[in-house]
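Next comes protein35.cif, with mmCIF, C-alpha atoms and all ligand atoms.
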```
data_start
loop_
_atom_site.label_atom_id
_atom_site.label_comp_id
_atom_site.auth_asym_id
_atom_site.auth_seq_id
_atom_site.Cartn_x
_atom_site.Cartn_y
_atom_site.Cartn_z
CA MET A 1 0.00 0.00 0.00
CA LEU A 2 1.20 3.46 -0.93
CA LEU A 3 0.05 4.83 2.43
CA ASP A 4 2.30 2.40 4.27
CA ASP A 5 5.28 3.64 2.27
CA TYR A 6 4.46 7.20 3.28
CA ALA A 7 4.02 6.16 6.92
CA GLN A 8 7.71 5.19 6.86
CA VAL A 9 8.76 8.77 6.09
CA ALA A 10 5.94 10.98 7.38
CA GLY A 11 5.17 8.87 10.46
CA GLU A 12 2.23 6.60 11.38
CA ASP A 13 0.45 9.47 13.11
CA ALA A 14 0.36 11.58 9.97
CA ILE A 15 -1.20 8.70 8.04
CA GLU A 16 -3.72 7.91 10.79
CA HIS A 17 -4.69 11.57 10.76
CA LEU A 18 -5.32 11.32 7.02
CA ARG A 19 -7.49 8.23 7.47
CA GLN A 20 -9.49 9.99 10.14
CA LEU A 21 -10.01 13.11 8.04
CA ALA A 22 -10.98 11.03 5.03
CA ARG A 23 -13.67 9.04 6.83
CA PRO A 24 -16.50 11.51 6.17
CA LEU A 25 -15.33 11.68 2.55
CA VAL A 26 -15.35 7.95 1.77
CA GLY A 27 -17.23 7.28 -1.45
CA LYS A 28 -17.40 10.95 -2.42
CA ARG A 29 -16.48 11.76 -5.96
CA PHE A 30 -13.65 14.28 -6.38
CA VAL A 31 -12.43 15.40 -9.78
CA HIS A 32 -9.23 17.34 -10.45
CA VAL A 33 -8.91 19.13 -13.78
CA ASN A 34 -5.75 20.56 -15.28
CA SER A 35 -4.29 20.85 -18.75
CA THR A 36 -1.46 18.31 -18.85
CA ARG A 37 -0.82 14.84 -17.60
CA ILE A 38 2.96 15.11 -17.85
CA GLY A 39 5.42 17.89 -17.17
CA GLY A 40 5.20 20.64 -14.63
CA GLY A 41 4.62 20.71 -10.92
CA VAL A 42 0.82 20.38 -11.08
CA ALA A 43 0.91 17.06 -12.94
CA GLU A 44 3.65 15.93 -10.58
CA ILE A 45 1.56 16.57 -7.50
CA LEU A 46 -1.67 15.16 -8.97
CA ARG A 47 0.10 11.96 -9.91
CA LYS A 48 0.63 11.40 -6.19
CA LEU A 49 -2.48 12.98 -4.67
CA ILE A 50 -4.98 10.98 -6.73
CA PRO A 51 -3.76 7.47 -5.79
CA LEU A 52 -3.34 8.53 -2.16
CA ALA A 53 -6.91 9.87 -2.03
CA ARG A 54 -8.18 6.66 -3.66
CA GLU A 55 -6.44 4.55 -1.05
CA LEU A 56 -8.28 6.59 1.56
CA GLY A 57 -11.58 5.55 0.00
CA ILE A 58 -12.30 8.74 -1.93
CA ASP A 59 -13.48 8.27 -5.49
CA ALA A 60 -10.83 10.66 -6.87
CA GLN A 61 -10.18 11.10 -10.55
CA TRP A 62 -8.13 13.31 -12.82
CA GLU A 63 -9.34 14.85 -16.06
CA VAL A 64 -7.25 16.81 -18.53
CA ILE A 65 -8.64 19.45 -20.88
CA THR A 66 -7.25 19.59 -24.37
CA GLY A 67 -6.74 22.43 -26.80
CA ASP A 68 -4.76 23.41 -29.87
CA ALA A 69 -1.54 25.43 -30.17
CA GLU A 70 -3.38 28.77 -29.99
CA PHE A 71 -5.08 27.73 -26.77
CA TYR A 72 -1.71 27.01 -25.14
CA GLU A 73 -0.27 30.22 -26.56
CA CYS A 74 -3.08 32.06 -24.82
CA THR A 75 -2.79 30.21 -21.51
CA LYS A 76 0.99 30.60 -21.45
CA ALA A 77 0.53 34.34 -21.89
CA MET A 78 -2.00 34.29 -19.05
CA HIS A 79 0.48 32.45 -16.86
CA ASN A 80 3.18 35.05 -17.54
CA ALA A 81 0.75 37.92 -17.03
CA LEU A 82 -0.45 36.50 -13.71
CA GLN A 83 3.19 36.37 -12.62
CA GLY A 84 3.46 40.06 -13.43
CA THR A 85 4.56 40.34 -17.07
CA PRO A 86 2.74 43.31 -18.62
CA LEU A 87 1.46 41.87 -21.88
CA ARG A 88 -1.71 42.18 -23.93
CA ILE A 89 -3.46 39.01 -25.03
CA ALA A 90 -5.10 39.33 -28.46
CA ASP A 91 -8.91 39.08 -28.49
CA ARG A 92 -8.62 36.32 -31.06
CA LEU A 93 -6.69 34.18 -28.55
CA LEU A 94 -9.17 34.90 -25.79
CA ARG A 95 -11.99 33.65 -28.05
CA VAL A 96 -9.99 30.44 -28.64
CA TYR A 97 -9.57 30.11 -24.86
CA GLU A 98 -13.30 30.47 -24.30
CA GLU A 99 -14.28 28.19 -27.17
CA THR A 100 -11.84 25.47 -26.06
CA ASN A 101 -13.26 25.56 -22.57
CA ARG A 102 -16.84 25.43 -23.93
CA THR A 103 -15.99 22.30 -25.92
CA ASN A 104 -14.25 20.71 -22.93
CA ALA A 105 -17.22 21.57 -20.71
CA GLU A 106 -19.47 19.64 -23.11
CA GLN A 107 -17.16 16.65 -23.07
CA LEU A 108 -16.69 16.61 -19.31
CA ARG A 109 -20.21 17.56 -18.23
CA ASP A 110 -21.24 14.03 -17.21
CA VAL A 111 -18.18 13.71 -14.99
CA LEU A 112 -18.03 17.22 -13.55
CA ALA A 113 -21.66 18.22 -13.02
CA PRO A 114 -22.48 15.45 -10.49
CA ALA A 115 -19.08 15.40 -8.71
CA ASP A 116 -19.02 16.27 -5.00
CA MET A 117 -15.85 18.35 -5.27
CA VAL A 118 -14.14 19.71 -8.35
CA PHE A 119 -10.63 21.18 -8.24
CA ILE A 120 -9.77 23.37 -11.19
CA HIS A 121 -6.01 23.87 -11.43
CA ASP A 122 -4.59 27.15 -12.71
CA PRO A 123 -6.07 29.44 -15.41
CA GLN A 124 -6.29 26.94 -18.29
CA PRO A 125 -9.60 25.26 -17.29
CA ALA A 126 -10.96 28.17 -15.17
CA PRO A 127 -13.98 28.95 -17.43
CA LEU A 128 -15.37 25.42 -16.92
CA ALA A 129 -16.97 26.60 -13.69
CA GLU A 130 -19.14 29.00 -15.68
CA TYR A 131 -19.69 26.87 -18.79
CA ILE A 132 -20.65 23.67 -17.01
CA GLY A 133 -24.06 25.13 -16.14
CA LYS A 134 -25.96 23.32 -13.42
CA ARG A 135 -23.62 21.55 -11.00
CA SER A 136 -24.23 19.80 -7.74
CA GLY A 137 -20.84 19.88 -5.97
CA HIS A 138 -18.38 22.43 -4.64
CA TRP A 139 -15.89 23.93 -7.05
CA VAL A 140 -12.46 25.13 -5.98
CA TRP A 141 -9.97 27.09 -8.09
CA ARG A 142 -6.42 26.03 -7.20
CA CYS A 143 -3.82 28.61 -8.21
CA HIS A 144 -0.27 27.25 -8.32
CA ILE A 145 1.40 30.34 -9.64
CA ASP A 146 2.83 33.44 -8.02
CA ALA A 147 -0.12 35.77 -8.38
CA SER A 148 1.16 38.40 -5.97
CA HIS A 149 1.43 41.11 -8.64
CA PRO A 150 -0.70 40.05 -11.60
CA HIS A 151 -0.84 42.22 -14.67
CA ARG A 152 -4.18 43.85 -13.92
CA PRO A 153 -6.01 43.73 -17.30
CA VAL A 154 -5.41 39.98 -17.61
CA TRP A 155 -6.43 39.31 -14.02
CA LYS A 156 -9.55 41.45 -14.56
CA TYR A 157 -10.51 39.24 -17.51
CA LEU A 158 -9.85 35.98 -15.64
CA ARG A 159 -11.39 37.07 -12.37
CA ARG A 160 -14.92 36.57 -13.67
CA TYR A 161 -14.21 32.86 -14.25
CA VAL A 162 -12.39 32.43 -10.95
CA ALA A 163 -15.26 34.13 -9.13
CA ALA A 164 -17.63 31.46 -10.47
CA HIS A 165 -15.98 28.96 -8.08
CA ASP A 166 -17.02 28.41 -4.46
CA ALA A 167 -13.51 28.92 -3.06
CA SER A 168 -9.91 29.49 -4.15
CA VAL A 169 -6.65 28.06 -2.90
CA PHE A 170 -3.33 29.93 -3.16
CA SER A 171 0.14 28.76 -2.17
CA LEU A 172 1.06 31.78 -0.09
CA ALA A 173 -1.01 34.44 1.67
CA SER A 174 0.68 37.16 -0.37
CA PHE A 175 -0.70 35.59 -3.60
CA ALA A 176 -4.35 35.86 -2.54
CA GLN A 177 -6.59 38.21 -4.53
CA ALA A 178 -9.80 40.07 -3.78
CA LEU A 179 -12.50 37.50 -4.59
CA PRO A 180 -16.15 37.07 -3.59
CA HIS A 181 -15.61 33.67 -1.94
CA PRO A 182 -13.45 32.08 0.78
CA GLU A 183 -9.74 31.84 0.02
CA TYR A 184 -7.48 29.20 1.53
CA ILE A 185 -3.71 28.99 1.74
CA ILE A 186 -2.07 25.63 1.05
CA PRO A 187 1.69 25.76 0.39
CA PRO A 188 3.22 23.30 -2.08
CA SER A 189 4.98 20.15 -1.01
CA ILE A 190 7.52 17.61 -2.18
CA ASP A 191 7.12 13.90 -2.63
CA PRO A 192 9.71 12.15 -0.45
CA LEU A 193 9.39 8.97 -2.52
CA SER A 194 10.07 10.50 -5.93
CA ASP A 195 13.36 10.11 -7.80
CA LYS A 196 14.20 13.69 -6.87
CA ASN A 197 13.99 13.03 -3.16
CA ILE A 198 14.39 9.33 -2.47
CA ALA A 199 17.40 8.23 -0.39
CA LEU A 200 20.44 7.43 -2.53
CA SER A 201 23.36 5.16 -1.81
CA GLU A 202 26.74 6.75 -1.07
CA SER A 203 28.13 5.02 -4.11
CA SER A 204 25.61 6.55 -6.50
CA ILE A 205 26.28 10.01 -5.03
CA ARG A 206 30.02 9.49 -5.52
CA GLU A 207 29.33 8.24 -9.03
CA THR A 208 27.56 11.52 -9.86
CA ALA A 209 30.44 13.53 -8.36
CA LYS A 210 32.88 11.62 -10.51
CA ARG A 211 30.80 12.12 -13.65
CA PHE A 212 31.04 15.90 -13.24
CA GLY A 213 34.61 16.03 -11.94
CA ILE A 214 33.58 17.16 -8.46
CA ASP A 215 35.84 16.09 -5.58
CA PRO A 216 33.60 14.75 -2.79
CA ALA A 217 36.44 15.02 -0.30
CA ARG A 218 36.48 18.84 -0.61
CA PRO A 219 33.70 21.24 0.47
CA VAL A 220 30.87 21.64 -2.04
CA VAL A 221 28.22 24.32 -2.20
CA ALA A 222 25.40 24.02 -4.74
CA GLN A 223 22.52 25.91 -6.22
CA VAL A 224 20.03 23.97 -8.37
CA SER A 225 17.87 26.30 -10.44
CA ARG A 226 16.75 27.26 -13.88
CA PHE A 227 19.20 29.77 -15.36
CA ASP A 228 17.04 32.76 -14.61
CA ARG A 229 18.08 36.23 -13.44
CA PHE A 230 15.72 36.05 -10.48
CA LYS A 231 17.73 33.05 -9.23
CA ASP A 232 20.89 35.21 -9.38
CA PRO A 233 23.49 32.60 -10.40
CA VAL A 234 26.03 35.37 -11.02
CA GLY A 235 25.48 36.60 -7.45
CA VAL A 236 26.15 33.06 -6.24
CA ILE A 237 29.49 33.07 -8.05
CA ALA A 238 30.35 36.40 -6.44
CA ALA A 239 29.54 34.93 -3.01
CA TYR A 240 31.62 31.82 -3.73
CA ARG A 241 34.61 33.99 -4.72
CA LEU A 242 34.39 36.00 -1.52
CA ALA A 243 34.23 32.79 0.52
CA LYS A 244 37.01 31.08 -1.42
CA ASP A 245 39.63 33.37 0.14
CA TYR A 246 38.80 31.75 3.46
CA VAL A 247 37.90 28.24 2.25
CA PRO A 248 40.46 27.66 -0.52
CA HIS A 249 39.28 24.18 -1.44
CA LEU A 250 35.68 25.22 -1.96
CA GLN A 251 33.84 23.97 -5.04
CA LEU A 252 30.66 25.48 -6.47
CA VAL A 253 27.98 23.61 -8.43
CA LEU A 254 25.39 25.60 -10.38
CA ALA A 255 23.01 23.09 -11.93
CA GLY A 256 20.00 23.92 -14.05
CA GLY A 257 17.88 22.69 -16.91
CA SER A 258 19.15 22.90 -20.45
CA ALA A 259 17.83 26.15 -21.81
CA THR A 260 17.31 25.40 -25.49
CA ASP A 261 13.64 26.42 -25.61
CA ASP A 262 14.11 29.53 -23.50
CA PRO A 263 16.15 32.28 -25.14
CA GLU A 264 16.52 34.15 -21.88
CA GLY A 265 17.68 30.98 -20.14
CA GLU A 266 20.43 30.65 -22.69
CA VAL A 267 21.55 34.23 -22.16
CA VAL A 268 21.66 33.76 -18.40
CA LEU A 269 23.52 30.46 -18.81
CA ALA A 270 26.09 32.28 -20.97
CA GLU A 271 26.39 35.08 -18.40
CA THR A 272 26.89 32.48 -15.69
CA ARG A 273 29.59 30.70 -17.70
CA ALA A 274 31.30 34.02 -18.39
CA ALA A 275 31.24 34.90 -14.68
CA ALA A 276 32.67 31.47 -13.84
CA GLY A 277 35.56 32.07 -16.27
CA ASP A 278 38.22 29.40 -16.16
CA ASP A 279 37.81 28.53 -12.49
CA ALA A 280 37.98 24.72 -12.51
CA ASP A 281 36.21 24.60 -9.15
CA ILE A 282 33.02 26.13 -10.54
CA HIS A 283 30.82 23.52 -12.22
CA VAL A 284 28.09 25.07 -14.33
CA LEU A 285 25.91 22.13 -15.36
CA ALA A 286 23.13 22.24 -17.95
CA LEU A 287 21.03 19.18 -17.19
CA ALA A 288 18.29 17.34 -19.06
CA PRO A 289 14.73 18.01 -17.85
CA ASP A 290 14.42 14.49 -16.43
CA ALA A 291 17.72 14.50 -14.55
CA HIS A 292 15.92 14.00 -11.24
CA ARG A 293 18.34 11.50 -9.77
CA THR A 294 21.29 13.65 -10.78
CA ILE A 295 19.77 16.66 -9.02
CA ASN A 296 19.03 14.47 -6.02
CA ALA A 297 22.69 13.37 -5.91
CA LEU A 298 24.04 16.91 -6.37
CA GLN A 299 21.87 18.21 -3.54
CA ARG A 300 23.12 15.37 -1.33
CA LEU A 301 26.71 15.95 -2.36
CA ALA A 302 26.61 19.57 -1.21
CA ASP A 303 27.62 20.55 2.31
CA VAL A 304 25.47 23.64 2.07
CA VAL A 305 22.82 24.57 -0.51
CA ILE A 306 22.27 28.11 -1.73
CA GLN A 307 19.10 29.54 -3.25
CA LYS A 308 20.04 33.14 -3.70
CA SER A 309 16.82 34.19 -5.45
CA THR A 310 15.87 37.83 -5.60
CA ARG A 311 12.24 36.82 -6.20
CA GLU A 312 10.73 33.40 -5.54
CA GLY A 313 7.20 31.95 -5.62
CA PHE A 314 7.91 29.12 -3.23
CA GLY A 315 11.26 27.57 -4.02
CA LEU A 316 10.84 23.80 -4.18
CA THR A 317 14.59 23.47 -4.54
CA VAL A 318 14.86 24.82 -1.00
CA THR A 319 12.44 22.17 0.29
CA GLU A 320 14.29 19.46 -1.62
CA ALA A 321 17.65 20.49 -0.15
CA MET A 322 16.27 20.79 3.39
CA TRP A 323 14.73 17.33 3.11
CA LYS A 324 18.21 16.04 2.36
CA GLY A 325 19.42 17.50 5.65
CA LYS A 326 21.15 20.54 4.16
CA PRO A 327 21.11 23.99 5.69
CA VAL A 328 20.01 26.48 3.03
CA ILE A 329 21.33 29.99 2.52
CA GLY A 330 18.41 31.58 0.74
CA GLY A 331 17.35 34.97 -0.59
CA ASP A 332 15.10 36.80 1.85
CA VAL A 333 12.09 36.71 -0.49
CA GLY A 334 8.76 34.96 -1.19
CA GLY A 335 8.33 31.35 -0.16
CA ILE A 336 11.96 31.05 0.95
CA ARG A 337 10.89 32.98 4.05
CA LEU A 338 8.43 30.22 4.91
CA GLN A 339 11.15 27.61 4.81
CA VAL A 340 14.46 29.13 5.82
CA ILE A 341 14.12 30.04 9.46
CA ASP A 342 17.10 32.27 10.11
CA HIS A 343 19.74 30.60 12.32
CA HIS A 344 17.64 27.40 12.56
CA THR A 345 17.13 25.78 9.16
CA GLY A 346 19.56 28.08 7.38
CA PHE A 347 20.20 31.76 6.78
CA ARG A 348 18.33 34.41 4.85
CA VAL A 349 20.50 36.78 2.87
CA SER A 350 20.20 39.77 0.57
CA SER A 351 23.66 40.16 -0.98
CA PRO A 352 26.69 38.19 -2.18
CA GLU A 353 28.57 39.53 0.86
CA GLY A 354 25.92 38.21 3.26
CA THR A 355 25.82 34.90 1.44
CA SER A 356 29.59 34.55 1.64
CA LEU A 357 29.62 35.43 5.33
CA ARG A 358 27.07 32.73 6.16
CA LEU A 359 28.79 30.25 3.90
CA ARG A 360 32.14 30.73 5.59
CA TYR A 361 30.53 30.49 8.99
CA LEU A 362 28.87 27.17 8.16
CA LEU A 363 31.83 25.63 6.37
CA HIS A 364 34.00 26.29 9.39
CA GLN A 365 31.50 24.62 11.71
CA PRO A 366 30.61 21.14 10.48
CA ARG A 367 28.62 20.53 13.69
CA LYS A 368 26.41 23.51 12.87
CA ILE A 369 25.85 22.16 9.36
CA GLN A 370 24.68 18.94 10.92
CA THR A 371 22.33 20.40 13.51
CA MET A 372 20.84 22.94 11.12
CA GLY A 373 20.48 20.27 8.47
CA TRP A 374 18.68 18.01 10.91
CA LYS A 375 16.30 20.83 11.83
CA ALA A 376 15.76 21.59 8.17
CA ARG A 377 14.77 17.99 7.47
CA GLU A 378 12.40 17.86 10.42
CA PHE A 379 10.89 21.19 9.39
CA VAL A 380 10.12 19.75 5.96
CA ARG A 381 8.76 16.55 7.50
CA GLU A 382 6.34 18.63 9.58
CA ASN A 383 5.35 21.14 6.95
CA PHE A 384 6.19 20.43 3.35
CA LEU A 385 5.63 16.76 2.52
CA VAL A 386 2.84 15.67 0.19
CA THR A 387 1.03 14.08 3.17
CA ARG A 388 0.64 17.53 4.75
CA GLN A 389 -0.74 18.91 1.52
CA LEU A 390 -3.22 16.05 1.31
CA ARG A 391 -4.22 16.65 4.94
CA GLU A 392 -4.99 20.28 4.12
CA TYR A 393 -6.98 19.36 1.02
CA LEU A 394 -9.00 16.86 3.06
CA THR A 395 -9.64 19.42 5.78
CA LEU A 396 -10.82 21.89 3.18
CA CYS A 397 -13.16 19.29 1.64
CA VAL A 398 -14.61 18.19 4.97
CA GLY A 399 -15.22 21.83 5.82
CA MET A 400 -16.83 22.67 2.49
CA LEU A 401 -19.01 19.57 2.35
CA HIS A 402 -20.28 20.17 5.87
CA GLY A 403 -21.09 23.82 5.32
CA ALA A 404 -21.51 25.84 8.49
CA ALA A 405 -21.93 22.83 10.81
CA GLU A 406 -20.47 23.71 14.20
CA ARG A 407 -19.24 20.21 14.88
CA ILE A 408 -17.95 17.62 12.44
CA GLU A 409 -17.63 14.01 13.60
CA LEU A 410 -14.53 12.47 12.07
CA GLY A 411 -15.15 9.01 13.54
N1 LIG B 1 14.53 21.53 -11.50
C1 LIG B 1 14.84 20.47 -12.33
N2 LIG B 1 15.87 20.62 -13.20
C2 LIG B 1 16.59 21.76 -13.26
C3 LIG B 1 16.28 22.84 -12.42
C4 LIG B 1 15.22 22.68 -11.54
O1 LIG B 1 14.21 19.41 -12.29
O2 LIG B 1 17.52 21.82 -14.05
C5 LIG B 1 13.43 21.34 -10.56
C6 LIG B 1 13.81 21.56 -9.12
O3 LIG B 1 14.40 20.40 -8.57
C7 LIG B 1 12.46 21.92 -8.53
C8 LIG B 1 11.78 22.67 -9.65
O4 LIG B 1 12.42 22.28 -10.85
O5 LIG B 1 11.72 20.74 -8.23
C9 LIG B 1 11.92 24.18 -9.53
O6 LIG B 1 10.99 24.63 -8.65
P1 LIG B 1 11.23 25.96 -7.82
O7 LIG B 1 9.98 26.21 -7.04
O8 LIG B 1 12.49 25.87 -7.02
O9 LIG B 1 11.52 27.10 -8.89
P2 LIG B 1 10.80 27.53 -10.28
O10 LIG B 1 11.66 26.94 -11.37
O11 LIG B 1 9.40 26.99 -10.24
O12 LIG B 1 10.90 29.03 -10.27
#
```

Write out the structure in this file as structure tokens.
Ligand code: UDP
Amino acid sequence: MLLDDYAQVAGEDAIEHLRQLARPLVGKRFVHVNSTRIGGGVAEILRKLIPLARELGIDAQWEVITGDAEFYECTKAMHNALQGTPLRIADRLLRVYEETNRTNAEQLRDVLAPADMVFIHDPQPAPLAEYIGKRSGHWVWRCHIDASHPHRPVWKYLRRYVAAHDASVFSLASFAQALPHPEYIIPPSIDPLSDKNIALSESSIRETAKRFGIDPARPVVAQVSRFDRFKDPVGVIAAYRLAKDYVPHLQLVLAGGSATDDPEGEVVLAETRAAAGDDADIHVLALAPDAHRTINALQRLADVVIQKSTREGFGLTVTEAMWKGKPVIGGDVGGIRLQVIDHHTGFRVSSPEGTSLRLRYLLHQPRKIQTMGWKAREFVRENFLVTRQLREYLTLCVGMLHGAAERIELG
């Protein structure tokens, strides 16, 4: 049983709590709708949440809407605009967006209209709530993106569809928007049993080090991130250089996805390589999108992990590193603040100088690395595993299905 596997990492109590919360939901039909079955964080999380919910006795299912290239062009623009990019979406594309959702509403009506709970993920399927017509269950819009500063005209257009839901869920309080229904905050989570996070043998970690010419006997600091200016890889190199005067054997790993389909990614990768120059101790690695085990090994190889973002929605890389028992030196922004508790699970920083200072401090105190790393792992166990996210979804569902009841018997 999947739940037994999770009990091993999250603890029996966490799983018993899930069973208890799920009791009033047994037999209820829940449908999640998004726009892709593979790729991206949403698909990743649904792939785990659906089987877990089913094991708890909930009749959970996952539907995917489909559209043509223009539909995705439109929804990608919406995604960027919600994250703050000031762009105008052509009316023609908006009509495609609406039409695609109308067609999908027709196709999914028999599944969605009678469902007890429907979760609509992100902007792509948002109009379904309006186009489905008569529905018997509760509909929730789940926003996975950083909507703290949406480009207003695009949000104004989308808001009408979002408002047609009975509630919304955002990842952080600062992403919540003015809406005419209850809003809930459920932060993201990682799956401790995925390739990205599963325990690895020492030999496979050493194997990865060897493959990239990293010396595991010398100190290693790593940042795993897309090559994006907001992740500040050049600032990480500056911090490494400042620290290197005091820790001469230090090695730096900057690992990120290959940037072939992202012109800006390529530019930032080139800037990063230029900043690294011919320093043989800086390893700038462009990895394949499915290099999950490699990333896992690199995070485990590091003594300390950096995530020097200057803006960050949540920062799953921070969670991943903390789960591997690494203290994280992270930019004092966005979701990093939820995870990096200054002086406990790591340090929050705002400059290369600050980063270097904290790095030197940690590298000179291996004991501190260990205790902070332990706290970091426990902090993730308590707060950012998929079981916690499921618990919050279940709580939300129990609450919504029981309306304003003052007392809910969980059995
Ligand atoms: N990631 C990856 N390959 C890369 C770089 C990142 O698989 O080359 C993963 C990383 O492990 C994490 C996610 O992509 O799971 C990035 O999420 P995060 O919230 O840190 O940042 P985002 O890229 O969403 O801004």

Centre and edge lengths of an axis-aligned box around all listed atoms of ligand LIG 1 (chain B), with 8 Å added on each side, are to be given in Å to one decimal, as JSON.
```
{"center_x": 13.5, "center_y": 24.2, "center_z": -10.5, "size_x": 24.1, "size_y": 25.6, "size_z": 23.0}
```

### Query
Residues at most 9 Å from segment 306-309 of chain A, counting only C-alpha atoms, excluding those fewer than 5 positions away in the same chain, as a count of residues only?
30

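Using only C-alpha atoms for every distance, the candidate list A:His32, A:Arg241, A:Lys156, A:His79 yields A:His32 as the residue closest to Phe119 of chain A.
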
### Task
For segment 164-179 of chain A, please output as number ranges by chain all residues within 6 Å (counting all atoms listed in the file; exclusion window: fewer than 3 positions along the same chain).
A: 129-130, 139-143, 147-148, 161, 182-187

Please tabulate, as JSON lines, the residues of chain A that come within 10 Å of ligand LIG 1 (chain B), each with its closest pair of atoms and the distance in Å to one decimal, counting all atoms listed in the file and ordering rows by chain, then residue number upward.
```
{"residue": "A:Gly40", "atom": "CA", "partner": "B:LIG1", "partner_atom": "O4", "distance": 8.3}
{"residue": "A:Gly41", "atom": "CA", "partner": "B:LIG1", "partner_atom": "C8", "distance": 7.5}
{"residue": "A:Glu44", "atom": "CA", "partner": "B:LIG1", "partner_atom": "O5", "distance": 9.7}
{"residue": "A:His144", "atom": "CA", "partner": "B:LIG1", "partner_atom": "O11", "distance": 9.9}
{"residue": "A:Ile145", "atom": "CA", "partner": "B:LIG1", "partner_atom": "O11", "distance": 8.7}
{"residue": "A:Asp146", "atom": "CA", "partner": "B:LIG1", "partner_atom": "O12", "distance": 9.5}
{"residue": "A:Pro188", "atom": "CA", "partner": "B:LIG1", "partner_atom": "O7", "distance": 8.9}
{"residue": "A:Ser189", "atom": "CA", "partner": "B:LIG1", "partner_atom": "O5", "distance": 9.9}
{"residue": "A:Ile190", "atom": "CA", "partner": "B:LIG1", "partner_atom": "O5", "distance": 8.0}
{"residue": "A:Asp191", "atom": "CA", "partner": "B:LIG1", "partner_atom": "O5", "distance": 10.0}
{"residue": "A:Lys196", "atom": "CA", "partner": "B:LIG1", "partner_atom": "O3", "distance": 6.9}
{"residue": "A:Asn197", "atom": "CA", "partner": "B:LIG1", "partner_atom": "O3", "distance": 9.2}
{"residue": "A:Gln223", "atom": "CA", "partner": "B:LIG1", "partner_atom": "C3", "distance": 9.3}
{"residue": "A:Val224", "atom": "CA", "partner": "B:LIG1", "partner_atom": "C3", "distance": 5.6}
{"residue": "A:Ser225", "atom": "CA", "partner": "B:LIG1", "partner_atom": "C3", "distance": 4.3}
{"residue": "A:Arg226", "atom": "CA", "partner": "B:LIG1", "partner_atom": "C3", "distance": 4.7}
{"residue": "A:Phe227", "atom": "CA", "partner": "B:LIG1", "partner_atom": "C3", "distance": 8.1}
{"residue": "A:Asp228", "atom": "CA", "partner": "B:LIG1", "partner_atom": "O12", "distance": 8.4}
{"residue": "A:Phe230", "atom": "CA", "partner": "B:LIG1", "partner_atom": "O12", "distance": 8.5}
{"residue": "A:Lys231", "atom": "CA", "partner": "B:LIG1", "partner_atom": "O12", "distance": 8.0}
{"residue": "A:Leu254", "atom": "CA", "partner": "B:LIG1", "partner_atom": "O2", "distance": 9.5}
{"residue": "A:Ala255", "atom": "CA", "partner": "B:LIG1", "partner_atom": "O2", "distance": 6.0}
{"residue": "A:Gly256", "atom": "CA", "partner": "B:LIG1", "partner_atom": "O2", "distance": 3.2}
{"residue": "A:Gly257", "atom": "CA", "partner": "B:LIG1", "partner_atom": "O2", "distance": 3.0}
{"residue": "A:Ser258", "atom": "CA", "partner": "B:LIG1", "partner_atom": "O2", "distance": 6.7}
{"residue": "A:Ala259", "atom": "CA", "partner": "B:LIG1", "partner_atom": "O2", "distance": 8.9}
{"residue": "A:Leu285", "atom": "CA", "partner": "B:LIG1", "partner_atom": "O2", "distance": 8.5}
{"residue": "A:Ala286", "atom": "CA", "partner": "B:LIG1", "partner_atom": "O2", "distance": 6.8}
{"residue": "A:Leu287", "atom": "CA", "partner": "B:LIG1", "partner_atom": "O2", "distance": 5.4}
{"residue": "A:Ala288", "atom": "CA", "partner": "B:LIG1", "partner_atom": "O2", "distance": 6.8}
{"residue": "A:Pro289", "atom": "CA", "partner": "B:LIG1", "partner_atom": "N2", "distance": 5.5}
{"residue": "A:Asp290", "atom": "CA", "partner": "B:LIG1", "partner_atom": "O1", "distance": 6.4}
{"residue": "A:Ala291", "atom": "CA", "partner": "B:LIG1", "partner_atom": "O1", "distance": 6.4}
{"residue": "A:His292", "atom": "CA", "partner": "B:LIG1", "partner_atom": "O1", "distance": 5.8}
{"residue": "A:Arg293", "atom": "CA", "partner": "B:LIG1", "partner_atom": "O1", "distance": 9.3}
{"residue": "A:Thr294", "atom": "CA", "partner": "B:LIG1", "partner_atom": "N2", "distance": 9.2}
{"residue": "A:Ile295", "atom": "CA", "partner": "B:LIG1", "partner_atom": "O3", "distance": 6.6}
{"residue": "A:Asn296", "atom": "CA", "partner": "B:LIG1", "partner_atom": "O3", "distance": 7.9}
{"residue": "A:Gln299", "atom": "CA", "partner": "B:LIG1", "partner_atom": "O3", "distance": 9.3}
{"residue": "A:Gln307", "atom": "CA", "partner": "B:LIG1", "partner_atom": "O8", "distance": 8.4}
{"residue": "A:Ser309", "atom": "CA", "partner": "B:LIG1", "partner_atom": "O12", "distance": 9.2}
{"residue": "A:Arg311", "atom": "CA", "partner": "B:LIG1", "partner_atom": "O12", "distance": 8.9}
{"residue": "A:Glu312", "atom": "CA", "partner": "B:LIG1", "partner_atom": "O12", "distance": 6.4}
{"residue": "A:Gly313", "atom": "CA", "partner": "B:LIG1", "partner_atom": "O7", "distance": 6.5}
{"residue": "A:Phe314", "atom": "CA", "partner": "B:LIG1", "partner_atom": "O7", "distance": 5.2}
{"residue": "A:Gly315", "atom": "CA", "partner": "B:LIG1", "partner_atom": "O7", "distance": 3.6}
{"residue": "A:Leu316", "atom": "CA", "partner": "B:LIG1", "partner_atom": "O7", "distance": 3.8}
{"residue": "A:Thr317", "atom": "CA", "partner": "B:LIG1", "partner_atom": "O8", "distance": 4.0}
{"residue": "A:Val318", "atom": "CA", "partner": "B:LIG1", "partner_atom": "O8", "distance": 6.6}
{"residue": "A:Thr319", "atom": "CA", "partner": "B:LIG1", "partner_atom": "O8", "distance": 8.2}
{"residue": "A:Glu320", "atom": "CA", "partner": "B:LIG1", "partner_atom": "O3", "distance": 7.0}
{"residue": "A:Ala321", "atom": "CA", "partner": "B:LIG1", "partner_atom": "O3", "distance": 9.0}
{"residue": "A:Gly335", "atom": "CA", "partner": "B:LIG1", "partner_atom": "O7", "distance": 8.7}
{"residue": "A:Ile336", "atom": "CA", "partner": "B:LIG1", "partner_atom": "O8", "distance": 9.5}
```
